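One structure is given here, and the rest of the page talks about it.
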Amino acid sequence: MNHIVQLLSATAIILLCCQCSPKNPLARLIRQDPELYRIASDSQYEVQVLYTTISKKNGKMQSYAWNVNAEQYFYPASTVKMPVAFLTLQKIRQLQRSGIDVHIDDDMLTAQSREAQSPAFSDSTTVSGKPNIRRYIEKIFAVSDNDAYNRLYELLGADYINQSLYKLGLNRGTVINHRVGVSGYNYEENRHTNNIRFFRNGQMLYDKPAMRDSTDWKHKAKGAVKGIGYIDSHDSLVMQPFDFSLKNFYSLPDMEGTLMRIFHPERFNPDQRFDITEADLELLKKAMSYPPTAYPFYRTDSSFHKNYVKFLIHGALNDSGISDEVKIYNKVGNAYGYLIDCAYIEDKRSGRSFYLTAVIHVNKNQIYNDGVYEYDQTGLPFLARLGQKVLEYERSLKD
């Protein structure tokens with residue numbers, strides 16, 4: 001199978017997999033489970049699921065979808081941190097090839113270039129006491145650290161991020177145009193990125209100037225105006241729908257495609273792979289699978305248990321009863337009532353691996369930014385059960 005056909009089987013074909021098809025095991029699993037079906041079939045939950053199984057015999061991939069629509073808006077929350085982490089490693093390799101001797105362990109100092117911005121000069125978790133790219137990436141995947149993502153976003157800028165994703169073929173509606181989890185930035189302010197300098201042993205290696213994105217990055221997804229009200233920046237309730245039209249968007253096909261380029265890059269043409277090294281891949285695979293407790297700087301925080309940010313299969317549970325035979329490489333997101341998990345899962349018991357990506361929306365009162373969402377009651381149990389059912393199905397396969 002040539003690269004083009006493989007790419008179609010991994011991405012475009014999912015939209016042809018009707019949820020009512022008798023040959024769609026994902027739809028069958030959902031329909032056979034009353035609780036999964038009750039939620040997945042209810043439009044208020046905006047459930048989308050993308051599942052790709054991989055044959056043990058020949059490595060062939062087959063993708064299945066439930067309600068996947070790359071043009072339908074949902075807020076991607078922290079899942080956008082995944083491609084930004086990957087692209088940061090790519091950027092460093094590109095700088096090295098241009099003759100700039102900078103590495104991911106060099107001190108990365110971020111200045112405040114505008115009033116809305118903030119500096120980042122220290123990090124108590126590193127040997128030097130200064131931030132660096134390696135630690136930012138580890139924090140992004142271990143606990144979904146917002147500041148770590150924001151610093152990498154400021155290093156790259158939206159122009160580089162979106163142009164790079166487009167060239168990679170990750171352009172099924174995706175647009176990444178803002179920082180996350182921090183106040184004081186409107187759409188215009190997010191177009192501005194800080195002055196960032198890299199140092200080693202006190203010597204400056206690279207100076208990235210403060211910049212403004214040249215392109216007006218806005219997604220075109222449908223249904224981006226939602227709900228009946230929201231809490232504004234002054235903590236006041238505004239009884240108007242909430243407008244997501246200037247926020248990030250990251251479609252499920254692009255999410256899976258991003259992760260697939262890390263674990264199965266050979267299935268894509270060379271110009272559609274991340275331009276990173278084997279050492280970069282090793283770092284990413286460790287970071288995406290390690291629990292927070294693998295890092296000494298998180299071990300004393302009891303809220304960071306071994307299954308933290310592993311929504312599929314485990315949900316919110318520290319011990320879900322699933323053995324350590326299951327290894328999950330993933331990135332989750334949760335905000336505005338949306339819960340998302342994009343995962344590549346390896347099961348040592350069966351020797352199988354598969355991709356599973358899902359989003360669910362739990363905002364019963366339709367008020368955004370009020371913190372009243374049914375994450376624990378509905379969202380996390382749904383994602384956990386979905387992951388468990390797909391894992392059981394994978395273990396039943398004989399190929």
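Chain lettering (A, B, ...) mirrors the order of the structure tokens, residue numbering begins at 1 for each chain separately, and ligand numbering begins at 1 in order of display.
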Residues near range 370-382 of chain A, cut-off 7 Å, only C-alpha atoms, skip fewer than 6 positions along chain, as a PDB file with N, CA and C atoms, in the first residue's frame:
```pdb
ATOM      1  N   LEU A  36     -23.330   3.716  27.793  1.00  0.00           N
ATOM      2  CA  LEU A  36     -22.564   4.382  26.740  1.00  0.00           C
ATOM      3  C   LEU A  36     -23.485   4.922  25.661  1.00  0.00           C
ATOM      4  N   TYR A 230     -22.749  33.049  30.115  1.00  0.00           N
ATOM      5  CA  TYR A 230     -21.373  32.816  30.543  1.00  0.00           C
ATOM      6  C   TYR A 230     -20.994  33.813  31.635  1.00  0.00           C
ATOM      7  N   ILE A 231     -19.956  33.465  32.380  1.00  0.00           N
ATOM      8  CA  ILE A 231     -19.391  34.358  33.389  1.00  0.00           C
ATOM      9  C   ILE A 231     -18.257  35.135  32.729  1.00  0.00           C
ATOM     10  N   PHE A 311      -7.758   9.748  31.057  1.00  0.00           N
ATOM     11  CA  PHE A 311      -9.221   9.708  31.135  1.00  0.00           C
ATOM     12  C   PHE A 311      -9.787   8.416  30.572  1.00  0.00           C
ATOM     13  N   GLY A 315     -10.432   7.029  33.827  1.00  0.00           N
ATOM     14  CA  GLY A 315     -11.306   8.084  34.328  1.00  0.00           C
ATOM     15  C   GLY A 315     -10.606   8.929  35.367  1.00  0.00           C
ATOM     16  N   ALA A 316     -11.237   9.116  36.518  1.00  0.00           N
ATOM     17  CA  ALA A 316     -10.647   9.916  37.594  1.00  0.00           C
ATOM     18  C   ALA A 316     -10.039   9.042  38.684  1.00  0.00           C
ATOM     19  N   GLY A 337     -16.516  22.503  30.186  1.00  0.00           N
ATOM     20  CA  GLY A 337     -17.392  21.339  30.130  1.00  0.00           C
ATOM     21  C   GLY A 337     -16.973  20.295  29.121  1.00  0.00           C
ATOM     22  N   LEU A 339     -14.417  17.395  27.839  1.00  0.00           N
ATOM     23  CA  LEU A 339     -13.385  16.439  28.227  1.00  0.00           C
ATOM     24  C   LEU A 339     -12.929  15.726  26.960  1.00  0.00           C
ATOM     25  N   ILE A 360     -16.318  14.571  24.892  1.00  0.00           N
ATOM     26  CA  ILE A 360     -17.666  14.637  25.441  1.00  0.00           C
ATOM     27  C   ILE A 360     -17.854  16.016  26.064  1.00  0.00           C
ATOM     28  N   VAL A 362     -20.058  18.163  28.839  1.00  0.00           N
ATOM     29  CA  VAL A 362     -20.945  18.027  30.004  1.00  0.00           C
ATOM     30  C   VAL A 362     -21.152  19.400  30.636  1.00  0.00           C
ATOM     31  N   ASN A 363     -22.200  20.076  30.202  1.00  0.00           N
ATOM     32  CA  ASN A 363     -22.510  21.418  30.694  1.00  0.00           C
ATOM     33  C   ASN A 363     -24.029  21.566  30.722  1.00  0.00           C
TER      34      ASN A 363
END
```
Let's see if you can do this: from backbone DSSP, list all alpha helix (DSSP H) residues in range 98-339 of chain A, as a PyMOL selection string. chain A and resi 133-143+146-167+252-263+278-289+311-314
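Closest approach to Arg385 in chain A among A:Leu170, A:Ile313, A:Val326, A:Ile137: A:Ile313, based on only C-alpha atoms.
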Neighbour list for Gly223 in chain A as a VMD selection string, cut-off 10 Å, only C-alpha atoms, skip fewer than 4 positions in-chain: chain A and resid 71 to 74 243 to 245
Selection above as a file: N, CA and C atoms, as a compact mmCIF listing (two decimals), in the first residue's frame:
```txt
# COMPACT_ATOMS: atom_id res chain seq x y z
N GLU A 71 -15.74 19.39 10.97
CA GLU A 71 -16.23 20.77 10.80
C GLU A 71 -17.09 21.22 11.96
N GLN A 72 -17.33 20.36 12.95
CA GLN A 72 -18.19 20.69 14.08
C GLN A 72 -17.34 21.16 15.25
N TYR A 73 -17.63 22.33 15.79
CA TYR A 73 -16.77 22.90 16.83
C TYR A 73 -16.93 22.22 18.18
N PHE A 74 -15.81 22.01 18.85
CA PHE A 74 -15.76 21.75 20.28
C PHE A 74 -14.47 22.40 20.79
N ASP A 243 -19.25 32.80 22.72
CA ASP A 243 -18.68 32.75 21.38
C ASP A 243 -17.26 32.15 21.41
N PHE A 244 -17.10 30.99 20.79
CA PHE A 244 -15.80 30.32 20.71
C PHE A 244 -15.10 30.57 19.38
N SER A 245 -15.61 31.50 18.59
CA SER A 245 -15.12 31.65 17.21
C SER A 245 -13.67 32.14 17.13
```
Determine, counting only C-alpha atoms, which protein, DNA and RNA residues have an atom within 10 Å of an atom of range 211-220 of chain A; residues of the same chain fewer than 3 positions away are not included. Present the result as a PDB file with N, CA and C atoms, in the first residue's frame.
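Done, and the output landed in selection_4.pdb:
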```pdb
ATOM      1  N   GLU A  71     -15.735  19.394  10.967  1.00  0.00           N
ATOM      2  CA  GLU A  71     -16.226  20.766  10.801  1.00  0.00           C
ATOM      3  C   GLU A  71     -17.089  21.221  11.963  1.00  0.00           C
ATOM      4  N   GLN A  72     -17.325  20.357  12.947  1.00  0.00           N
ATOM      5  CA  GLN A  72     -18.188  20.694  14.082  1.00  0.00           C
ATOM      6  C   GLN A  72     -17.337  21.156  15.254  1.00  0.00           C
ATOM      7  N   TYR A  73     -17.630  22.328  15.791  1.00  0.00           N
ATOM      8  CA  TYR A  73     -16.773  22.896  16.825  1.00  0.00           C
ATOM      9  C   TYR A  73     -16.925  22.219  18.184  1.00  0.00           C
ATOM     10  N   SER A 113       7.401  41.350  27.208  1.00  0.00           N
ATOM     11  CA  SER A 113       7.560  42.319  26.123  1.00  0.00           C
ATOM     12  C   SER A 113       6.378  43.262  25.994  1.00  0.00           C
ATOM     13  N   GLU A 154       4.709  30.796  23.109  1.00  0.00           N
ATOM     14  CA  GLU A 154       5.394  32.083  22.941  1.00  0.00           C
ATOM     15  C   GLU A 154       6.693  31.934  22.156  1.00  0.00           C
ATOM     16  N   LEU A 155       7.327  30.786  22.275  1.00  0.00           N
ATOM     17  CA  LEU A 155       8.543  30.536  21.507  1.00  0.00           C
ATOM     18  C   LEU A 155       8.235  30.375  20.016  1.00  0.00           C
ATOM     19  N   LEU A 156       7.153  29.662  19.705  1.00  0.00           N
ATOM     20  CA  LEU A 156       6.849  29.341  18.311  1.00  0.00           C
ATOM     21  C   LEU A 156       6.025  30.412  17.615  1.00  0.00           C
ATOM     22  N   GLY A 157       4.969  30.887  18.273  1.00  0.00           N
ATOM     23  CA  GLY A 157       4.026  31.804  17.656  1.00  0.00           C
ATOM     24  C   GLY A 157       3.022  31.072  16.787  1.00  0.00           C
ATOM     25  N   ALA A 158       1.850  31.660  16.616  1.00  0.00           N
ATOM     26  CA  ALA A 158       0.772  31.006  15.874  1.00  0.00           C
ATOM     27  C   ALA A 158       1.107  30.835  14.393  1.00  0.00           C
ATOM     28  N   ASP A 159       1.877  31.743  13.810  1.00  0.00           N
ATOM     29  CA  ASP A 159       2.254  31.588  12.403  1.00  0.00           C
ATOM     30  C   ASP A 159       2.999  30.275  12.198  1.00  0.00           C
ATOM     31  N   TYR A 160       4.032  30.043  12.991  1.00  0.00           N
ATOM     32  CA  TYR A 160       4.833  28.821  12.836  1.00  0.00           C
ATOM     33  C   TYR A 160       3.997  27.584  13.142  1.00  0.00           C
ATOM     34  N   ASN A 162       0.662  26.992  13.005  1.00  0.00           N
ATOM     35  CA  ASN A 162      -0.375  26.654  12.038  1.00  0.00           C
ATOM     36  C   ASN A 162       0.180  26.377  10.646  1.00  0.00           C
ATOM     37  N   GLN A 163       1.190  27.112  10.241  1.00  0.00           N
ATOM     38  CA  GLN A 163       1.816  26.825   8.945  1.00  0.00           C
ATOM     39  C   GLN A 163       2.454  25.442   8.949  1.00  0.00           C
ATOM     40  N   GLY A 173      -9.335  21.482   9.678  1.00  0.00           N
ATOM     41  CA  GLY A 173     -10.015  22.516  10.443  1.00  0.00           C
ATOM     42  C   GLY A 173      -9.243  23.083  11.613  1.00  0.00           C
ATOM     43  N   THR A 174      -8.122  22.484  11.960  1.00  0.00           N
ATOM     44  CA  THR A 174      -7.390  22.876  13.166  1.00  0.00           C
ATOM     45  C   THR A 174      -6.779  24.270  13.065  1.00  0.00           C
ATOM     46  N   VAL A 175      -6.952  25.051  14.125  1.00  0.00           N
ATOM     47  CA  VAL A 175      -6.299  26.351  14.282  1.00  0.00           C
ATOM     48  C   VAL A 175      -5.919  26.509  15.754  1.00  0.00           C
ATOM     49  N   ILE A 176      -4.661  26.839  16.012  1.00  0.00           N
ATOM     50  CA  ILE A 176      -4.178  27.091  17.373  1.00  0.00           C
ATOM     51  C   ILE A 176      -3.703  28.531  17.420  1.00  0.00           C
ATOM     52  N   ASN A 177      -4.388  29.363  18.214  1.00  0.00           N
ATOM     53  CA  ASN A 177      -4.116  30.802  18.155  1.00  0.00           C
ATOM     54  C   ASN A 177      -4.049  31.497  19.506  1.00  0.00           C
ATOM     55  N   HIS A 178      -3.990  30.725  20.619  1.00  0.00           N
ATOM     56  CA  HIS A 178      -3.926  31.426  21.908  1.00  0.00           C
ATOM     57  C   HIS A 178      -3.316  30.589  23.032  1.00  0.00           C
ATOM     58  N   TYR A 187      -7.810  38.314  21.743  1.00  0.00           N
ATOM     59  CA  TYR A 187      -7.337  37.726  20.489  1.00  0.00           C
ATOM     60  C   TYR A 187      -6.090  38.448  19.968  1.00  0.00           C
ATOM     61  N   GLU A 188      -6.084  39.769  20.031  1.00  0.00           N
ATOM     62  CA  GLU A 188      -4.944  40.538  19.535  1.00  0.00           C
ATOM     63  C   GLU A 188      -3.695  40.286  20.368  1.00  0.00           C
ATOM     64  N   GLU A 189      -3.837  40.249  21.689  1.00  0.00           N
ATOM     65  CA  GLU A 189      -2.671  40.029  22.546  1.00  0.00           C
ATOM     66  C   GLU A 189      -2.049  38.658  22.313  1.00  0.00           C
ATOM     67  N   ASN A 190      -2.874  37.676  21.987  1.00  0.00           N
ATOM     68  CA  ASN A 190      -2.331  36.342  21.727  1.00  0.00           C
ATOM     69  C   ASN A 190      -1.551  36.272  20.421  1.00  0.00           C
ATOM     70  N   ARG A 191      -1.693  37.285  19.576  1.00  0.00           N
ATOM     71  CA  ARG A 191      -0.896  37.341  18.351  1.00  0.00           C
ATOM     72  C   ARG A 191       0.532  37.816  18.640  1.00  0.00           C
ATOM     73  N   HIS A 192       0.737  38.365  19.814  1.00  0.00           N
ATOM     74  CA  HIS A 192       2.056  38.867  20.204  1.00  0.00           C
ATOM     75  C   HIS A 192       2.770  37.838  21.085  1.00  0.00           C
ATOM     76  N   THR A 193       4.023  37.569  20.759  1.00  0.00           N
ATOM     77  CA  THR A 193       4.812  36.632  21.562  1.00  0.00           C
ATOM     78  C   THR A 193       6.056  37.319  22.112  1.00  0.00           C
ATOM     79  N   ASN A 194       6.524  36.804  23.218  1.00  0.00           N
ATOM     80  CA  ASN A 194       7.587  37.422  24.010  1.00  0.00           C
ATOM     81  C   ASN A 194       8.969  37.311  23.373  1.00  0.00           C
ATOM     82  N   ASN A 195       9.853  38.146  23.829  1.00  0.00           N
ATOM     83  CA  ASN A 195      11.281  37.988  23.561  1.00  0.00           C
ATOM     84  C   ASN A 195      11.784  36.838  24.429  1.00  0.00           C
ATOM     85  N   LYS A 208      15.323  35.085  20.394  1.00  0.00           N
ATOM     86  CA  LYS A 208      14.084  35.169  19.607  1.00  0.00           C
ATOM     87  C   LYS A 208      13.384  36.459  19.973  1.00  0.00           C
ATOM     88  N   GLY A 223     -20.990  25.869  14.542  1.00  0.00           N
ATOM     89  CA  GLY A 223     -21.529  25.711  15.889  1.00  0.00           C
ATOM     90  C   GLY A 223     -20.629  26.224  16.990  1.00  0.00           C
ATOM     91  N   ALA A 224     -19.888  27.303  16.717  1.00  0.00           N
ATOM     92  CA  ALA A 224     -18.937  27.826  17.704  1.00  0.00           C
ATOM     93  C   ALA A 224     -19.568  28.810  18.690  1.00  0.00           C
ATOM     94  N   PHE A 244     -17.096  30.991  20.792  1.00  0.00           N
ATOM     95  CA  PHE A 244     -15.799  30.318  20.712  1.00  0.00           C
ATOM     96  C   PHE A 244     -15.100  30.574  19.380  1.00  0.00           C
ATOM     97  N   SER A 245     -15.607  31.500  18.585  1.00  0.00           N
ATOM     98  CA  SER A 245     -15.116  31.652  17.212  1.00  0.00           C
ATOM     99  C   SER A 245     -13.668  32.140  17.133  1.00  0.00           C
ATOM    100  N   LEU A 246     -13.152  32.769  18.192  1.00  0.00           N
ATOM    101  CA  LEU A 246     -11.767  33.237  18.190  1.00  0.00           C
ATOM    102  C   LEU A 246     -10.860  32.348  19.031  1.00  0.00           C
ATOM    103  N   LYS A 247     -11.364  31.189  19.423  1.00  0.00           N
ATOM    104  CA  LYS A 247     -10.577  30.286  20.262  1.00  0.00           C
ATOM    105  C   LYS A 247      -9.976  29.151  19.435  1.00  0.00           C
ATOM    106  N   ASN A 248      -9.135  28.358  20.089  1.00  0.00           N
ATOM    107  CA  ASN A 248      -8.499  27.219  19.439  1.00  0.00           C
ATOM    108  C   ASN A 248      -9.540  26.223  18.941  1.00  0.00           C
ATOM    109  N   PHE A 249      -9.184  25.515  17.886  1.00  0.00           N
ATOM    110  CA  PHE A 249      -9.957  24.355  17.438  1.00  0.00           C
ATOM    111  C   PHE A 249      -8.984  23.284  16.962  1.00  0.00           C
ATOM    112  N   TYR A 250      -9.264  22.033  17.320  1.00  0.00           N
ATOM    113  CA  TYR A 250      -8.367  20.915  17.019  1.00  0.00           C
ATOM    114  C   TYR A 250      -9.245  19.698  16.756  1.00  0.00           C
TER     115      TYR A 250
END
```
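All residues of protein, DNA or RNA that reach within 7 Å of range 253-256 of chain A, judged by only C-alpha atoms and not counting those fewer than 3 positions away in the chain, are Thr11, Ala70, Leu170, Asn171, Arg172, Tyr250, Leu259, Met260, Cys342 and Thr357 of chain A.
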Write the residues you've just listed into a file as a tab-separated table (two decimals), in the first residue's frame, and include N, CA and C atoms for each of them.
```tsv
chain	number	residue	atom	x	y	z
A	11	THR	N	-7.01	8.45	7.96
A	11	THR	CA	-7.71	9.69	8.29
A	11	THR	C	-9.02	9.85	7.55
A	70	ALA	N	-15.19	16.78	11.39
A	70	ALA	CA	-14.06	17.72	11.49
A	70	ALA	C	-14.48	19.17	11.33
A	170	LEU	N	-1.99	18.17	8.77
A	170	LEU	CA	-2.87	18.24	9.94
A	170	LEU	C	-3.71	19.50	9.82
A	171	ASN	N	-4.57	19.50	8.83
A	171	ASN	CA	-5.30	20.72	8.47
A	171	ASN	C	-6.79	20.46	8.30
A	172	ARG	N	-7.32	19.49	9.05
A	172	ARG	CA	-8.75	19.23	9.00
A	172	ARG	C	-9.47	20.19	9.95
A	250	TYR	N	-9.26	22.03	17.32
A	250	TYR	CA	-8.37	20.92	17.02
A	250	TYR	C	-9.25	19.70	16.76
A	259	LEU	N	-0.74	12.26	16.75
A	259	LEU	CA	-0.16	11.18	17.56
A	259	LEU	C	0.38	10.07	16.68
A	260	MET	N	-0.31	9.77	15.60
A	260	MET	CA	0.10	8.70	14.69
A	260	MET	C	1.44	9.02	14.04
A	342	CYS	N	-6.86	11.91	23.72
A	342	CYS	CA	-6.30	11.35	22.48
A	342	CYS	C	-5.17	10.41	22.89
A	357	THR	N	-9.53	8.13	20.42
A	357	THR	CA	-9.67	9.57	20.68
A	357	THR	C	-11.14	9.89	20.86
```
